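Visitor: Before I ask anything, let me first share the structure, which is written out below as structure tokens.
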Amino acid sequence: MSINDLRTEIQGNVLLPGDPAFDLTARPWNTAIAQSVAAVVEVADVDDLANVVRYANRAGRTVVTQPTGHGATGDIDDAILVRTGRLDTVAVDPAQRVARIGSGAQWGAVQAAAAAHGLSGLAGSNPVVGVTGYTLGGGFGWLARQHGWAADAVRAFEIVDADGRRGRVSADSDPELFWALRGGGGDFAIVTALEIDLFELPQLYGGRVSWSADRTHEVFDVFTELTADAPPQLSVWLQRYQIPGAAPTVAIDFAYLGDEAPGRDLTRRLDTVTGALCDTRTTMTPDRIGTITAEPTDPGPSLSRGELLTDLGDTVVKTLVDAPVAPLLNIQIRALGGALADITRDRGARGPVTEPYALYLLGLGLPHLVGDVETAFATIVDDLGTHITGSKPYTFLAPGESAEAAFDTATLTRLREIKQARDPRNVLRANFPVRG
């Protein structure tokens, strides 16, 4: 069976190696990752998706779905890569505080639709990240300490299963698959749409304050104080930057889910560090939440590493505060806790995270820098030693890592059993599969 037969199976576009737009369409968000796929399919609708899966079953091929290409690993040689960008509908029911979101929709579109009604989804920090992949991996952003993982807010999934059958999955209709899809990754079915809870948030107060690197210790002390007993409505991230050609800087990004007056009162310690280079603190609506960190919205080459921190003690200070950022671009520490750590919640495969802080490291993925960046990652991890736990959120996994790092043994075993039952031929593959 020829891969070219796909062209007769669907209404959307099928791009094969050698086609003019193939290389661009196969490229993931992280351009440092190469994807040597057999075909790229831009589906026109859900029927197209079902037909692609049926074809893959007959042809003995694997299907990988990447709405935006965030989280790509490159380990998908000879697979059929499916782009669902056309499935980008967003419908908000303000009375029920629910949104139905197509699998190709990005968080910026969801936030814009929800904010018109004084509502918000549990969005991440970047407006161009796809809702589906983010949520399947758990997903945590500025609202997470108050409301939990993005996966916690899912009411139902619309899917195409490994046999190409369409369905709707909820806690009542299929509790086992519903559990797996809420934070277990996309290894069990192709999600075509989600129904999610929205949360009242007419406005919030937040932004970034940055300083030159010589204020790093002062800023770190403020970060430590702010996060020691912060209410769940307040999320605070510490950022250290070394942008090529620019002087190193340190910043605090934060979001307070409420009015400006109490937000200013909670974060007044920021004003004790003088000499700010930039101060974007302001009242904003939820559709602007993606502006706080000002992350890139265009593809580029990068390398990343994520870990969970047990504390902010002397070893952490020596490794993450005293040492230079270079050759990395960014050292980020996020305060966790709140609803993310709540063990009493009814949640899916993601479960709680009890570590108080998350660490995210970022470097440029240019060929002449890769060696230095990877060495820096390894050195930081070695120096932190037992101050990192080795486990991490699924969305923090990087190419070369395994889903084993995102789940405890019991959860991973259960996920593998569900994978075996739902997709025994491995027709579907997530960026980080639970079973090889």
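Labeling convention for the structure tokens: chains A, B, ... as they appear, residues from 1 per chain, ligands from 1 in order of appearance.
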For range 241-253 of chain A, find every residue with an atom within 8 Å (counting only C-alpha atoms), except residues of its own chain fewer than 3 positions away, and show them as a list in words.

Guide: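 Using only C-alpha atoms, the neighbours found are Gly206, Gly207, Arg208, Val209, Ser210, Trp211, Ser212, Ala213, Arg215, Thr216, Val219, Phe223, Val236, Trp237, Leu238, Ile292, Thr293, Val325, Ala326, Pro327, Leu328, Leu329, Asn330 and Ile331 of chain A.
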
Visitor: With a distance cut-off of 9 Å and only C-alpha atoms, select the neighbouring residues of Gly74 in chain A, excluding the residue or stretch itself and same-chain residues fewer than 5 positions from it, and output the selection as number ranges by chain.

Guide: A: 28, 33-36, 399, 431

Visitor: Go ahead and write the selection's residues with all heavy atoms as a compact mmCIF listing (two decimals), in the first residue's frame.

Guide:
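Listing of again-v8.txt after writing:
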```txt
# COMPACT_ATOMS: atom_id res chain seq x y z
N PRO A 28 8.45 21.23 13.30
CA PRO A 28 7.76 21.52 14.56
C PRO A 28 8.03 22.95 15.02
O PRO A 28 8.79 23.70 14.39
CB PRO A 28 8.36 20.51 15.52
CG PRO A 28 9.75 20.31 15.02
CD PRO A 28 9.66 20.43 13.51
N ILE A 33 14.47 20.58 16.15
CA ILE A 33 14.03 19.19 16.07
C ILE A 33 13.72 18.84 14.62
O ILE A 33 12.97 19.55 13.94
CB ILE A 33 12.77 18.97 16.92
CG1 ILE A 33 13.04 19.33 18.39
CG2 ILE A 33 12.27 17.54 16.80
CD1 ILE A 33 14.06 18.47 19.06
N ALA A 34 14.29 17.74 14.14
CA ALA A 34 14.00 17.25 12.79
C ALA A 34 12.94 16.16 12.87
O ALA A 34 12.98 15.30 13.75
CB ALA A 34 15.27 16.68 12.15
N GLN A 35 11.97 16.22 11.95
CA GLN A 35 10.90 15.23 11.91
C GLN A 35 10.90 14.56 10.53
O GLN A 35 10.43 15.13 9.56
CB GLN A 35 9.55 15.88 12.20
CG GLN A 35 9.50 16.53 13.57
CD GLN A 35 8.09 16.77 14.08
OE1 GLN A 35 7.75 16.39 15.19
NE2 GLN A 35 7.27 17.41 13.29
N SER A 36 11.42 13.35 10.48
CA SER A 36 11.52 12.61 9.22
C SER A 36 10.28 11.75 9.05
O SER A 36 10.31 10.52 9.24
CB SER A 36 12.78 11.74 9.22
OG SER A 36 13.94 12.54 9.36
N PRO A 399 13.01 16.42 24.51
CA PRO A 399 13.47 15.35 23.63
C PRO A 399 14.58 14.53 24.29
O PRO A 399 15.49 15.07 24.90
CB PRO A 399 13.98 16.10 22.41
CG PRO A 399 13.13 17.33 22.35
CD PRO A 399 12.92 17.72 23.79
N ASN A 431 3.93 12.49 21.76
CA ASN A 431 5.32 12.96 21.76
C ASN A 431 6.17 12.16 22.74
O ASN A 431 7.34 11.87 22.48
CB ASN A 431 5.36 14.45 22.12
CG ASN A 431 4.84 15.32 21.01
OD1 ASN A 431 5.02 15.04 19.84
ND2 ASN A 431 4.18 16.42 21.39
```

Visitor: From the DSSP assignment of the backbone, select every residue of range 72-268 of chain A that is strand (DSSP E), and format the answer as an MDAnalysis selection string.

Guide: chainID A and resid 80:83 90:93 98:102 119:120 154:160 166:170 190:197 199:200 204:212 234:241 249:256

Visitor: Do you know which residues are at most 7 Å from Thr135 in chain A counting only C-alpha atoms, after dropping those on the same chain fewer than 3 positions away, and could you put them as a PyMOL selection string?

Guide: chain A and resi 131-132+138-139+150-151+183

Visitor: Save the residues we just selected, C-alpha atoms, as a PDB file, in the first residue's frame?

Guide:
```pdb
ATOM      1  CA  VAL A 131      -4.963  23.935  24.085  1.00  0.00           C
ATOM      2  CA  THR A 132      -5.161  20.204  23.371  1.00  0.00           C
ATOM      3  CA  GLY A 138      -1.654  18.365  32.528  1.00  0.00           C
ATOM      4  CA  GLY A 139      -0.899  22.017  31.811  1.00  0.00           C
ATOM      5  CA  ALA A 150      -5.742  22.495  32.999  1.00  0.00           C
ATOM      6  CA  ALA A 151      -6.579  18.783  32.781  1.00  0.00           C
ATOM      7  CA  GLY A 183      -2.732  14.497  32.139  1.00  0.00           C
TER       8      GLY A 183
END
```

Visitor: At what distance in Å, to one decimal, does CA of His147 in chain A lie from CA of Asp311 in chain A?

Guide: 23.0 Å

Visitor: Env of range 162-176 of chain A: 9 Å cut, atoms = only C-alpha atoms, seq-sep filter 3 positions within chain, self excluded. Answer as a PyMOL selection string.

Guide: chain A and resi 46-47+49-55+57+154-159+179-181+188-190+418+422-428

Visitor: Extract, using only C-alpha atoms, all DNA, RNA and protein residues at most 9 Å from Gly133 in chain A, discarding same-chain residues fewer than 4 positions from it, and format them as a VMD selection string.

Guide: chain A and resid 66 to 68 70 to 71 103 129 137 to 139 185 to 186 395

Visitor: Take the selection from the previous step and output its residues with N, CA, C and O atoms, as a short mmCIF file (atom, residue, chain, number, x, y, z; two decimals), in the first residue's frame.

Guide:
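The resulting file, again-v9.cif, is shown below:
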```cif
data_model
loop_
_atom_site.label_atom_id
_atom_site.label_comp_id
_atom_site.auth_asym_id
_atom_site.auth_seq_id
_atom_site.Cartn_x
_atom_site.Cartn_y
_atom_site.Cartn_z
N GLN A 66 -0.02 16.62 15.90
CA GLN A 66 0.61 17.82 16.45
C GLN A 66 -0.16 19.05 15.95
O GLN A 66 0.10 19.53 14.85
N PRO A 67 -1.07 19.56 16.75
CA PRO A 67 -1.81 20.76 16.32
C PRO A 67 -0.89 21.94 16.01
O PRO A 67 -1.01 22.57 14.96
N THR A 68 0.06 22.24 16.91
CA THR A 68 0.96 23.38 16.72
C THR A 68 2.41 22.96 16.61
O THR A 68 3.24 23.75 16.17
N HIS A 70 4.27 22.19 19.29
CA HIS A 70 4.94 22.35 20.57
C HIS A 70 5.12 20.97 21.21
O HIS A 70 4.25 20.11 21.13
N GLY A 71 6.24 20.76 21.85
CA GLY A 71 6.49 19.48 22.53
C GLY A 71 6.99 18.38 21.64
O GLY A 71 7.13 17.24 22.08
N SER A 103 -9.57 20.86 18.47
CA SER A 103 -8.22 20.43 18.82
C SER A 103 -7.13 21.30 18.21
O SER A 103 -5.97 21.23 18.64
N VAL A 129 0.35 28.56 22.16
CA VAL A 129 0.40 27.14 22.50
C VAL A 129 -0.98 26.53 22.29
O VAL A 129 -2.00 27.12 22.64
N GLY A 137 -1.23 16.96 28.61
CA GLY A 137 -0.06 16.78 29.45
C GLY A 137 -0.22 17.31 30.86
O GLY A 137 0.72 17.29 31.65
N GLY A 138 -1.39 17.79 31.20
CA GLY A 138 -1.65 18.37 32.53
C GLY A 138 -1.88 19.85 32.41
O GLY A 138 -2.98 20.35 32.59
N GLY A 139 -0.80 20.59 32.07
CA GLY A 139 -0.90 22.02 31.81
C GLY A 139 -1.04 22.87 33.06
O GLY A 139 -2.03 22.75 33.78
N GLY A 185 -1.11 12.39 28.68
CA GLY A 185 -0.57 12.55 27.34
C GLY A 185 -1.55 12.07 26.29
O GLY A 185 -2.65 11.61 26.59
N GLY A 186 -1.14 12.16 25.04
CA GLY A 186 -2.04 11.86 23.92
C GLY A 186 -1.83 10.50 23.31
O GLY A 186 -2.00 10.33 22.10
N THR A 395 4.47 18.15 30.67
CA THR A 395 4.75 19.26 29.75
C THR A 395 6.16 19.81 29.91
O THR A 395 6.58 20.66 29.12
#
```

Visitor: Could you pull the residues within 9 Å of Leu397 in chain A, counting only C-alpha atoms, minus those fewer than 6 positions along the same chain, as number ranges by chain?

Guide: A: 71, 304-307, 403, 405-406, 432

Visitor: Using only C-alpha atoms, which residue out of A:Leu309, A:Gly337, A:Leu270, A:Ile380 lies closest to Pro324 in chain A?

Guide: A:Ile380
